[in-house]
file model.txt (compact mmCIF, N, CA and C atoms)
# COMPACT_ATOMS: atom_id res chain seq x y z
N MET I 13 24.56 -20.93 -40.33
CA MET I 13 23.24 -21.18 -39.80
C MET I 13 22.75 -19.90 -39.14
N ALA I 14 21.68 -19.34 -39.63
CA ALA I 14 21.13 -18.10 -39.09
C ALA I 14 20.17 -18.42 -37.96
N SER I 15 20.36 -17.76 -36.84
CA SER I 15 19.44 -17.98 -35.72
C SER I 15 18.49 -16.80 -35.64
N SER I 16 17.24 -17.10 -35.46
CA SER I 16 16.25 -16.03 -35.35
C SER I 16 16.02 -15.75 -33.87
N SER I 17 16.86 -14.90 -33.32
CA SER I 17 16.74 -14.60 -31.90
C SER I 17 15.69 -13.51 -31.69
N VAL I 18 14.97 -13.66 -30.63
CA VAL I 18 13.94 -12.70 -30.25
C VAL I 18 14.48 -11.92 -29.07
N LYS I 19 14.44 -10.59 -29.16
CA LYS I 19 14.90 -9.77 -28.05
C LYS I 19 13.99 -10.03 -26.85
N ARG I 20 14.60 -10.19 -25.70
CA ARG I 20 13.84 -10.50 -24.50
C ARG I 20 12.79 -9.43 -24.24
N LYS I 21 11.58 -9.88 -24.04
CA LYS I 21 10.46 -8.99 -23.76
C LYS I 21 9.97 -9.31 -22.35
N ASP I 22 10.06 -8.34 -21.46
CA ASP I 22 9.56 -8.55 -20.10
C ASP I 22 8.05 -8.42 -20.11
N LEU I 23 7.39 -9.47 -19.68
CA LEU I 23 5.94 -9.47 -19.63
C LEU I 23 5.46 -8.99 -18.26
N THR I 24 4.34 -8.30 -18.24
CA THR I 24 3.74 -7.91 -16.97
C THR I 24 3.05 -9.13 -16.38
N LEU I 25 2.67 -9.04 -15.11
CA LEU I 25 1.96 -10.15 -14.48
C LEU I 25 0.67 -10.45 -15.24
N ARG I 26 -0.02 -9.43 -15.67
CA ARG I 26 -1.26 -9.61 -16.45
C ARG I 26 -0.98 -10.38 -17.74
N GLU I 27 0.10 -10.01 -18.44
CA GLU I 27 0.44 -10.68 -19.70
C GLU I 27 0.85 -12.13 -19.45
N LYS I 28 1.57 -12.38 -18.36
CA LYS I 28 1.97 -13.76 -18.04
C LYS I 28 0.75 -14.64 -17.81
N VAL I 29 -0.22 -14.10 -17.06
CA VAL I 29 -1.46 -14.86 -16.81
C VAL I 29 -2.20 -15.10 -18.12
N GLU I 30 -2.23 -14.10 -18.97
CA GLU I 30 -2.88 -14.23 -20.28
C GLU I 30 -2.23 -15.34 -21.11
N VAL I 31 -0.90 -15.39 -21.11
CA VAL I 31 -0.18 -16.43 -21.85
C VAL I 31 -0.51 -17.80 -21.29
N ILE I 32 -0.48 -17.94 -19.97
CA ILE I 32 -0.77 -19.23 -19.33
C ILE I 32 -2.18 -19.68 -19.67
N LYS I 33 -3.14 -18.78 -19.58
CA LYS I 33 -4.53 -19.14 -19.92
C LYS I 33 -4.66 -19.53 -21.39
N TYR I 34 -3.96 -18.82 -22.25
CA TYR I 34 -4.00 -19.12 -23.69
C TYR I 34 -3.46 -20.52 -23.95
N VAL I 35 -2.32 -20.85 -23.33
CA VAL I 35 -1.72 -22.18 -23.52
C VAL I 35 -2.67 -23.26 -23.03
N ASN I 36 -3.27 -23.06 -21.86
CA ASN I 36 -4.19 -24.06 -21.30
C ASN I 36 -5.45 -24.22 -22.15
N LYS I 37 -5.93 -23.12 -22.71
CA LYS I 37 -7.16 -23.16 -23.49
C LYS I 37 -6.94 -23.69 -24.91
N MET I 38 -5.91 -23.21 -25.57
CA MET I 38 -5.73 -23.52 -26.99
C MET I 38 -5.00 -24.84 -27.25
N LYS I 39 -4.21 -25.30 -26.32
CA LYS I 39 -3.48 -26.56 -26.48
C LYS I 39 -2.70 -26.59 -27.79
N CYS I 40 -1.99 -25.51 -28.08
CA CYS I 40 -1.21 -25.45 -29.32
C CYS I 40 0.29 -25.55 -29.00
N ARG I 41 1.10 -25.57 -30.03
CA ARG I 41 2.54 -25.73 -29.87
C ARG I 41 3.15 -24.49 -29.22
N GLN I 42 4.18 -24.74 -28.41
CA GLN I 42 4.85 -23.64 -27.72
C GLN I 42 5.44 -22.64 -28.70
N SER I 43 5.93 -23.12 -29.82
CA SER I 43 6.52 -22.20 -30.80
C SER I 43 5.48 -21.22 -31.33
N GLU I 44 4.25 -21.68 -31.51
CA GLU I 44 3.18 -20.79 -31.98
C GLU I 44 2.82 -19.75 -30.93
N VAL I 45 2.78 -20.18 -29.68
CA VAL I 45 2.46 -19.26 -28.58
C VAL I 45 3.56 -18.22 -28.44
N ALA I 46 4.81 -18.68 -28.49
CA ALA I 46 5.95 -17.76 -28.36
C ALA I 46 5.91 -16.71 -29.47
N LYS I 47 5.59 -17.13 -30.65
CA LYS I 47 5.52 -16.21 -31.78
C LYS I 47 4.38 -15.21 -31.59
N LYS I 48 3.23 -15.69 -31.14
CA LYS I 48 2.06 -14.83 -30.94
C LYS I 48 2.36 -13.73 -29.92
N TYR I 49 3.05 -14.08 -28.83
CA TYR I 49 3.33 -13.11 -27.76
C TYR I 49 4.70 -12.45 -27.89
N GLU I 50 5.39 -12.76 -28.99
CA GLU I 50 6.70 -12.17 -29.29
C GLU I 50 7.72 -12.38 -28.16
N ILE I 51 7.77 -13.63 -27.69
CA ILE I 51 8.76 -14.01 -26.69
C ILE I 51 9.49 -15.25 -27.20
N SER I 52 10.63 -15.55 -26.60
CA SER I 52 11.37 -16.73 -27.02
C SER I 52 10.73 -17.99 -26.44
N GLN I 53 11.02 -19.12 -27.05
CA GLN I 53 10.51 -20.38 -26.53
C GLN I 53 11.08 -20.67 -25.15
N ALA I 54 12.33 -20.28 -24.94
CA ALA I 54 12.95 -20.49 -23.63
C ALA I 54 12.21 -19.70 -22.55
N GLN I 55 11.86 -18.46 -22.89
CA GLN I 55 11.13 -17.62 -21.94
C GLN I 55 9.74 -18.21 -21.66
N LEU I 56 9.10 -18.71 -22.69
CA LEU I 56 7.79 -19.34 -22.53
C LEU I 56 7.89 -20.59 -21.67
N CYS I 57 8.90 -21.38 -21.92
CA CYS I 57 9.11 -22.61 -21.15
C CYS I 57 9.32 -22.29 -19.67
N LYS I 58 10.14 -21.29 -19.40
CA LYS I 58 10.39 -20.88 -18.01
C LYS I 58 9.11 -20.37 -17.36
N LEU I 59 8.32 -19.60 -18.11
CA LEU I 59 7.05 -19.09 -17.60
C LEU I 59 6.11 -20.24 -17.25
N LEU I 60 6.02 -21.22 -18.12
CA LEU I 60 5.12 -22.35 -17.88
C LEU I 60 5.59 -23.21 -16.70
N LYS I 61 6.90 -23.29 -16.49
CA LYS I 61 7.42 -24.01 -15.33
C LYS I 61 7.07 -23.29 -14.03
N ARG I 62 6.98 -21.96 -14.10
CA ARG I 62 6.71 -21.14 -12.92
C ARG I 62 5.23 -20.74 -12.83
N LYS I 63 4.37 -21.37 -13.60
CA LYS I 63 2.98 -20.91 -13.67
C LYS I 63 2.27 -20.94 -12.32
N TYR I 64 2.60 -21.90 -11.47
CA TYR I 64 1.97 -21.95 -10.14
C TYR I 64 2.25 -20.65 -9.38
N TYR I 65 3.50 -20.20 -9.41
CA TYR I 65 3.88 -18.99 -8.68
C TYR I 65 3.26 -17.74 -9.32
N VAL I 66 3.21 -17.72 -10.64
CA VAL I 66 2.61 -16.58 -11.35
C VAL I 66 1.13 -16.48 -11.01
N LEU I 67 0.43 -17.60 -11.06
CA LEU I 67 -1.01 -17.59 -10.76
C LEU I 67 -1.27 -17.28 -9.29
N THR I 68 -0.38 -17.71 -8.41
CA THR I 68 -0.52 -17.36 -6.99
C THR I 68 -0.39 -15.86 -6.80
N ASP I 69 0.60 -15.26 -7.43
CA ASP I 69 0.76 -13.80 -7.35
C ASP I 69 -0.48 -13.10 -7.89
N TRP I 70 -1.02 -13.61 -8.97
CA TRP I 70 -2.21 -13.02 -9.59
C TRP I 70 -3.42 -13.13 -8.64
N ARG I 71 -3.59 -14.31 -8.02
CA ARG I 71 -4.71 -14.50 -7.10
C ARG I 71 -4.58 -13.62 -5.86
N GLU I 72 -3.35 -13.33 -5.47
CA GLU I 72 -3.12 -12.49 -4.29
C GLU I 72 -3.21 -11.01 -4.64
N ASN I 73 -3.65 -10.72 -5.86
CA ASN I 73 -3.87 -9.35 -6.31
C ASN I 73 -2.63 -8.49 -6.26
N LEU I 74 -1.51 -9.07 -6.63
CA LEU I 74 -0.30 -8.25 -6.73
C LEU I 74 -0.45 -7.31 -7.92
N LYS I 75 0.40 -6.35 -8.00
CA LYS I 75 0.32 -5.32 -9.04
C LYS I 75 0.42 -5.98 -10.42
N LEU I 76 -0.64 -5.88 -11.20
CA LEU I 76 -0.72 -6.57 -12.49
C LEU I 76 0.21 -6.00 -13.54
N THR I 77 0.65 -4.76 -13.36
CA THR I 77 1.55 -4.16 -14.35
C THR I 77 3.02 -4.40 -14.00
N GLN I 78 3.26 -5.08 -12.89
CA GLN I 78 4.62 -5.36 -12.44
C GLN I 78 5.26 -6.39 -13.37
N LYS I 79 6.51 -6.13 -13.73
CA LYS I 79 7.22 -7.05 -14.62
C LYS I 79 8.13 -8.00 -13.86
N ARG I 80 8.69 -7.53 -12.77
CA ARG I 80 9.57 -8.38 -11.96
C ARG I 80 9.13 -8.31 -10.51
N LYS I 81 9.25 -9.42 -9.83
CA LYS I 81 8.89 -9.47 -8.42
C LYS I 81 10.16 -9.29 -7.60
N ARG I 82 10.18 -8.23 -6.86
CA ARG I 82 11.34 -7.96 -6.01
C ARG I 82 10.89 -7.95 -4.56
N SER I 83 11.72 -8.50 -3.71
CA SER I 83 11.39 -8.45 -2.29
C SER I 83 12.18 -7.33 -1.64
N GLY I 84 11.60 -6.78 -0.62
CA GLY I 84 12.23 -5.66 0.08
C GLY I 84 13.27 -6.12 1.08
N LYS I 85 13.79 -5.15 1.80
CA LYS I 85 14.84 -5.44 2.77
C LYS I 85 14.26 -5.99 4.07
N GLU I 86 13.07 -5.59 4.40
CA GLU I 86 12.44 -5.99 5.67
C GLU I 86 11.27 -6.93 5.40
N LEU I 87 11.58 -8.18 5.12
CA LEU I 87 10.54 -9.14 4.75
C LEU I 87 9.55 -9.38 5.89
N GLN I 88 10.02 -9.38 7.12
CA GLN I 88 9.13 -9.61 8.27
C GLN I 88 8.12 -8.47 8.39
N VAL I 89 8.59 -7.25 8.26
CA VAL I 89 7.69 -6.09 8.34
C VAL I 89 6.67 -6.15 7.21
N GLU I 90 7.14 -6.45 6.01
CA GLU I 90 6.24 -6.52 4.86
C GLU I 90 5.21 -7.64 5.01
N GLY I 91 5.64 -8.78 5.51
CA GLY I 91 4.72 -9.90 5.71
C GLY I 91 3.65 -9.58 6.75
N ASP I 92 4.07 -9.00 7.87
CA ASP I 92 3.12 -8.62 8.91
C ASP I 92 2.16 -7.54 8.42
N LEU I 93 2.69 -6.59 7.66
CA LEU I 93 1.84 -5.53 7.11
C LEU I 93 0.84 -6.11 6.12
N MET I 94 1.26 -7.03 5.29
CA MET I 94 0.35 -7.65 4.32
C MET I 94 -0.76 -8.41 5.04
N GLU I 95 -0.42 -9.11 6.10
CA GLU I 95 -1.43 -9.83 6.88
C GLU I 95 -2.44 -8.85 7.49
N TRP I 96 -1.93 -7.77 8.07
CA TRP I 96 -2.79 -6.73 8.65
C TRP I 96 -3.70 -6.14 7.57
N PHE I 97 -3.12 -5.85 6.40
CA PHE I 97 -3.86 -5.27 5.28
C PHE I 97 -4.99 -6.19 4.84
N ARG I 98 -4.69 -7.47 4.68
CA ARG I 98 -5.71 -8.43 4.23
C ARG I 98 -6.85 -8.55 5.24
N GLU I 99 -6.50 -8.54 6.53
CA GLU I 99 -7.54 -8.61 7.56
C GLU I 99 -8.47 -7.40 7.46
N ARG I 100 -7.91 -6.23 7.28
CA ARG I 100 -8.72 -5.00 7.18
C ARG I 100 -9.57 -5.00 5.91
N ARG I 101 -8.97 -5.42 4.81
CA ARG I 101 -9.71 -5.43 3.54
C ARG I 101 -10.84 -6.46 3.57
N ALA I 102 -10.64 -7.55 4.29
CA ALA I 102 -11.69 -8.56 4.41
C ALA I 102 -12.91 -7.99 5.13
N ARG I 103 -12.67 -6.98 5.99
CA ARG I 103 -13.76 -6.32 6.71
C ARG I 103 -14.19 -5.03 6.02
N ASN I 104 -13.72 -4.83 4.78
CA ASN I 104 -14.06 -3.65 3.98
C ASN I 104 -13.67 -2.33 4.64
N VAL I 105 -12.56 -2.35 5.36
CA VAL I 105 -12.05 -1.13 5.98
C VAL I 105 -11.22 -0.39 4.93
N PRO I 106 -11.54 0.88 4.64
CA PRO I 106 -10.75 1.62 3.65
C PRO I 106 -9.34 1.91 4.19
N ILE I 107 -8.35 1.70 3.34
CA ILE I 107 -6.95 1.90 3.73
C ILE I 107 -6.27 2.73 2.65
N CYS I 108 -5.54 3.75 3.08
CA CYS I 108 -4.81 4.59 2.13
C CYS I 108 -3.31 4.54 2.45
N GLY I 109 -2.51 5.16 1.60
CA GLY I 109 -1.06 5.14 1.73
C GLY I 109 -0.54 5.59 3.09
N PRO I 110 -0.98 6.75 3.60
CA PRO I 110 -0.48 7.20 4.91
C PRO I 110 -0.79 6.23 6.04
N ILE I 111 -1.94 5.57 5.98
CA ILE I 111 -2.29 4.59 7.01
C ILE I 111 -1.34 3.40 6.91
N LEU I 112 -1.06 2.94 5.69
CA LEU I 112 -0.13 1.82 5.50
C LEU I 112 1.25 2.17 6.04
N LYS I 113 1.72 3.37 5.72
CA LYS I 113 3.04 3.79 6.19
C LYS I 113 3.10 3.82 7.71
N GLU I 114 2.07 4.38 8.32
CA GLU I 114 2.04 4.47 9.78
C GLU I 114 2.04 3.08 10.41
N LYS I 115 1.22 2.18 9.88
CA LYS I 115 1.16 0.82 10.42
C LYS I 115 2.49 0.10 10.21
N ALA I 116 3.12 0.29 9.06
CA ALA I 116 4.42 -0.34 8.80
C ALA I 116 5.45 0.11 9.81
N GLU I 117 5.45 1.39 10.12
CA GLU I 117 6.42 1.91 11.10
C GLU I 117 6.12 1.39 12.50
N GLN I 118 4.84 1.20 12.83
CA GLN I 118 4.48 0.61 14.13
C GLN I 118 4.98 -0.83 14.21
N ILE I 119 4.76 -1.59 13.14
CA ILE I 119 5.21 -2.99 13.10
C ILE I 119 6.72 -3.06 13.22
N ALA I 120 7.41 -2.20 12.49
CA ALA I 120 8.87 -2.19 12.52
C ALA I 120 9.38 -1.85 13.91
N GLU I 121 8.75 -0.90 14.56
CA GLU I 121 9.17 -0.49 15.91
C GLU I 121 8.99 -1.65 16.89
N ARG I 122 7.85 -2.35 16.80
CA ARG I 122 7.61 -3.50 17.67
C ARG I 122 8.61 -4.62 17.40
N SER I 123 9.08 -4.72 16.17
CA SER I 123 10.03 -5.76 15.78
C SER I 123 11.48 -5.38 16.07
N GLY I 124 11.69 -4.17 16.59
CA GLY I 124 13.04 -3.72 16.89
C GLY I 124 13.81 -3.23 15.68
N LYS I 125 13.12 -2.87 14.63
CA LYS I 125 13.75 -2.37 13.40
C LYS I 125 13.75 -0.84 13.44
N SER I 126 14.58 -0.27 14.27
CA SER I 126 14.56 1.18 14.48
C SER I 126 15.01 1.97 13.26
N GLU I 127 15.77 1.36 12.35
CA GLU I 127 16.25 2.07 11.16
C GLU I 127 15.22 2.08 10.03
N PHE I 128 14.15 1.32 10.18
CA PHE I 128 13.15 1.20 9.12
C PHE I 128 12.47 2.54 8.88
N LYS I 129 12.31 2.88 7.60
CA LYS I 129 11.63 4.12 7.21
C LYS I 129 10.70 3.79 6.05
N ALA I 130 9.41 3.96 6.27
CA ALA I 130 8.41 3.71 5.22
C ALA I 130 8.29 4.96 4.36
N THR I 131 8.88 4.93 3.18
CA THR I 131 8.82 6.07 2.27
C THR I 131 7.61 5.96 1.36
N ASN I 132 7.34 6.99 0.58
CA ASN I 132 6.19 6.97 -0.33
C ASN I 132 6.28 5.85 -1.36
N GLY I 133 7.46 5.59 -1.89
CA GLY I 133 7.62 4.55 -2.90
C GLY I 133 7.77 3.16 -2.33
N TRP I 134 7.88 3.05 -1.03
CA TRP I 134 8.16 1.78 -0.38
C TRP I 134 7.06 0.75 -0.61
N PHE I 135 5.81 1.14 -0.52
CA PHE I 135 4.72 0.17 -0.59
C PHE I 135 4.08 0.06 -1.95
N CYS I 136 4.57 0.74 -2.96
CA CYS I 136 3.97 0.70 -4.30
C CYS I 136 4.27 -0.60 -5.00

call {"tool": "encode", "arguments": {"input": "model.txt", "output": "structure tokens"}}
result
Amino acid sequence: MASSSVKRKDLTLREKVEVIKYVNKMKCRQSEVAKKYEISQAQLCKLLKRKYYVLTDWRENLKLTQKRKRSGKELQVEGDLMEWFRERRARNVPICGPILKEKAEQIAERSGKSEFKATNGWFC
């Protein structure tokens, strides 16, 4: 019995949202969708089970080209920084990388995280 295995293809957040929208709009068989996007049915099934989380990430404007969601070492610092960032963006305050790094280090210092270091790649 020959199995037609599909090599795992990591989809970006944008592609995942596209697949979810396609499934909701077209109402076609999962096997057809999997073939169209060149992913396995198992991968499609897992994506559809997690669609709430994928769409939440998309609505929160996470990086659309990101393939995997990884959390950092300092979740509290990142959460507080994200809250601060959203408040500023809601008021249309321009924010750049150096400002984010400085604010992250201030938050970490207040939280007693003296070893925390906001590097250039840290917030990307």

call {"tool": "residues_around", "arguments": {"input": "model.txt", "residues": "Val89 in chain I", "least_positions_apart": "6", "cutoff": "6.5 Å", "atoms": "all atoms listed in the file", "output": "number ranges by chain"}}
result
I: 116, 119-120

call {"tool": "atom_distance", "arguments": {"input": "model.txt", "atom1": "CA of Leu60 in chain I", "atom2": "CA of Lys19 in chain I"}}
result
18.9 Å

call {"tool": "atom_distance", "arguments": {"input": "model.txt", "atom1": "CA of Leu59 in chain I", "atom2": "atom N of Lys47 in chain I"}}
result
13.3 Å

call {"tool": "closest_residue", "arguments": {"input": "model.txt", "among": "I:Gln55, I:Leu93, I:Met38, I:Lys33", "to": "Leu112 in chain I", "atoms": "all atoms listed in the file"}}
result
I:Leu93

call {"tool": "atom_distance", "arguments": {"input": "model.txt", "atom1": "atom N of Tyr49 in chain I", "atom2": "atom C of Lys21 in chain I"}}
result
10.6 Å

call {"tool": "closest_residue", "arguments": {"input": "model.txt", "among": "I:Leu87, I:Leu67, I:Leu76, I:Asp92", "to": "Lys115 in chain I", "atoms": "only N, CA and C atoms"}}
result
I:Asp92

call {"tool": "select_by_dssp", "arguments": {"input": "model.txt", "residues": "chain I", "states": "alpha helix (DSSP H)", "output": "PyMOL selection string"}}
result
chain I and resi 25-38+42-48+53-61+63-71+87-102+109-122

call {"tool": "closest_residue", "arguments": {"input": "model.txt", "among": "I:Gly109, I:Tyr65, I:Glu27, I:Tyr34", "to": "Phe97 in chain I", "atoms": "only C-alpha atoms"}}
result
I:Gly109

call {"tool": "decode", "arguments": {"input": "model.txt", "residues": "range 38-127 of chain I", "atoms": "C-alpha atoms", "output": "CSV table (one decimal), in the first residue's frame"}}
result
chain,number,residue,atom,x,y,z
I,38,MET,CA,-15.9,27.5,0.2
I,39,LYS,CA,-17.4,24.8,2.5
I,40,CYS,CA,-15.4,22.1,0.6
I,41,ARG,CA,-13.8,18.8,1.7
I,42,GLN,CA,-10.7,19.0,3.9
I,43,SER,CA,-8.8,16.8,1.4
I,44,GLU,CA,-9.4,19.3,-1.3
I,45,VAL,CA,-8.2,22.2,0.9
I,46,ALA,CA,-5.1,20.3,2.0
I,47,LYS,CA,-4.2,19.6,-1.6
I,48,LYS,CA,-4.7,23.2,-2.7
I,49,TYR,CA,-2.4,24.5,0.1
I,50,GLU,CA,0.0,21.6,-0.2
I,51,ILE,CA,-0.4,20.5,3.5
I,52,SER,CA,-1.4,17.2,5.0
I,53,GLN,CA,-5.0,16.6,6.2
I,54,ALA,CA,-3.6,16.1,9.7
I,55,GLN,CA,-2.0,19.6,9.6
I,56,LEU,CA,-5.2,21.1,8.3
I,57,CYS,CA,-7.3,19.4,11.0
I,58,LYS,CA,-4.9,20.7,13.7
I,59,LEU,CA,-5.1,24.2,12.2
I,60,LEU,CA,-8.9,24.2,12.1
I,61,LYS,CA,-9.0,23.0,15.7
I,62,ARG,CA,-6.7,25.9,16.7
I,63,LYS,CA,-8.4,28.5,14.5
I,64,TYR,CA,-9.6,30.6,17.5
I,65,TYR,CA,-6.0,31.1,18.6
I,66,VAL,CA,-4.8,31.7,15.1
I,67,LEU,CA,-7.4,34.4,14.4
I,68,THR,CA,-6.8,35.9,17.8
I,69,ASP,CA,-3.1,36.3,17.0
I,70,TRP,CA,-4.0,37.8,13.6
I,71,ARG,CA,-6.4,40.3,15.2
I,72,GLU,CA,-3.7,41.3,17.7
I,73,ASN,CA,-1.5,42.2,14.7
I,74,LEU,CA,1.2,39.7,15.4
I,75,LYS,CA,3.9,39.3,12.8
I,76,LEU,CA,2.1,37.9,9.8
I,77,THR,CA,5.2,36.2,8.3
I,78,GLN,CA,5.8,34.3,11.6
I,79,LYS,CA,5.6,30.5,11.2
I,80,ARG,CA,5.8,29.5,14.9
I,81,LYS,CA,4.7,31.3,18.0
I,82,ARG,CA,7.4,31.3,20.6
I,83,SER,CA,7.2,32.9,24.0
I,84,GLY,CA,10.2,34.6,25.6
I,85,LYS,CA,11.9,34.0,28.9
I,86,GLU,CA,10.4,37.0,30.6
I,87,LEU,CA,6.6,36.7,30.0
I,88,GLN,CA,5.7,39.3,32.6
I,89,VAL,CA,8.0,41.9,31.0
I,90,GLU,CA,6.7,41.1,27.6
I,91,GLY,CA,3.1,41.3,28.7
I,92,ASP,CA,3.6,44.7,30.5
I,93,LEU,CA,5.5,46.0,27.5
I,94,MET,CA,2.7,44.9,25.1
I,95,GLU,CA,0.1,46.6,27.3
I,96,TRP,CA,2.2,49.8,27.3
I,97,PHE,CA,2.7,49.6,23.5
I,98,ARG,CA,-1.0,49.2,22.8
I,99,GLU,CA,-1.9,52.1,25.0
I,100,ARG,CA,0.6,54.3,23.2
I,101,ARG,CA,-0.5,53.1,19.7
I,102,ALA,CA,-4.2,53.8,20.6
I,103,ARG,CA,-3.1,57.4,21.1
I,104,ASN,CA,-1.2,57.4,17.8
I,105,VAL,CA,2.1,57.9,19.6
I,106,PRO,CA,5.0,56.9,17.3
I,107,ILE,CA,7.2,54.2,18.8
I,108,CYS,CA,10.5,52.8,17.5
I,109,GLY,CA,12.8,50.0,18.5
I,110,PRO,CA,15.1,52.0,20.8
I,111,ILE,CA,12.1,53.3,22.7
I,112,LEU,CA,10.7,49.8,23.1
I,113,LYS,CA,14.0,48.5,24.4
I,114,GLU,CA,14.3,51.4,26.9
I,115,LYS,CA,10.8,50.8,28.2
I,116,ALA,CA,11.3,47.0,28.4
I,117,GLU,CA,14.4,47.6,30.5
I,118,GLN,CA,12.5,50.0,32.8
I,119,ILE,CA,9.7,47.5,33.3
I,120,ALA,CA,12.2,44.7,34.0
I,121,GLU,CA,14.1,46.9,36.5
I,122,ARG,CA,10.8,47.7,38.3
I,123,SER,CA,10.0,44.0,38.3
I,124,GLY,CA,13.3,43.1,39.9
I,125,LYS,CA,14.6,41.4,36.7
I,126,SER,CA,18.1,42.7,37.0
I,127,GLU,CA,19.6,40.2,34.5
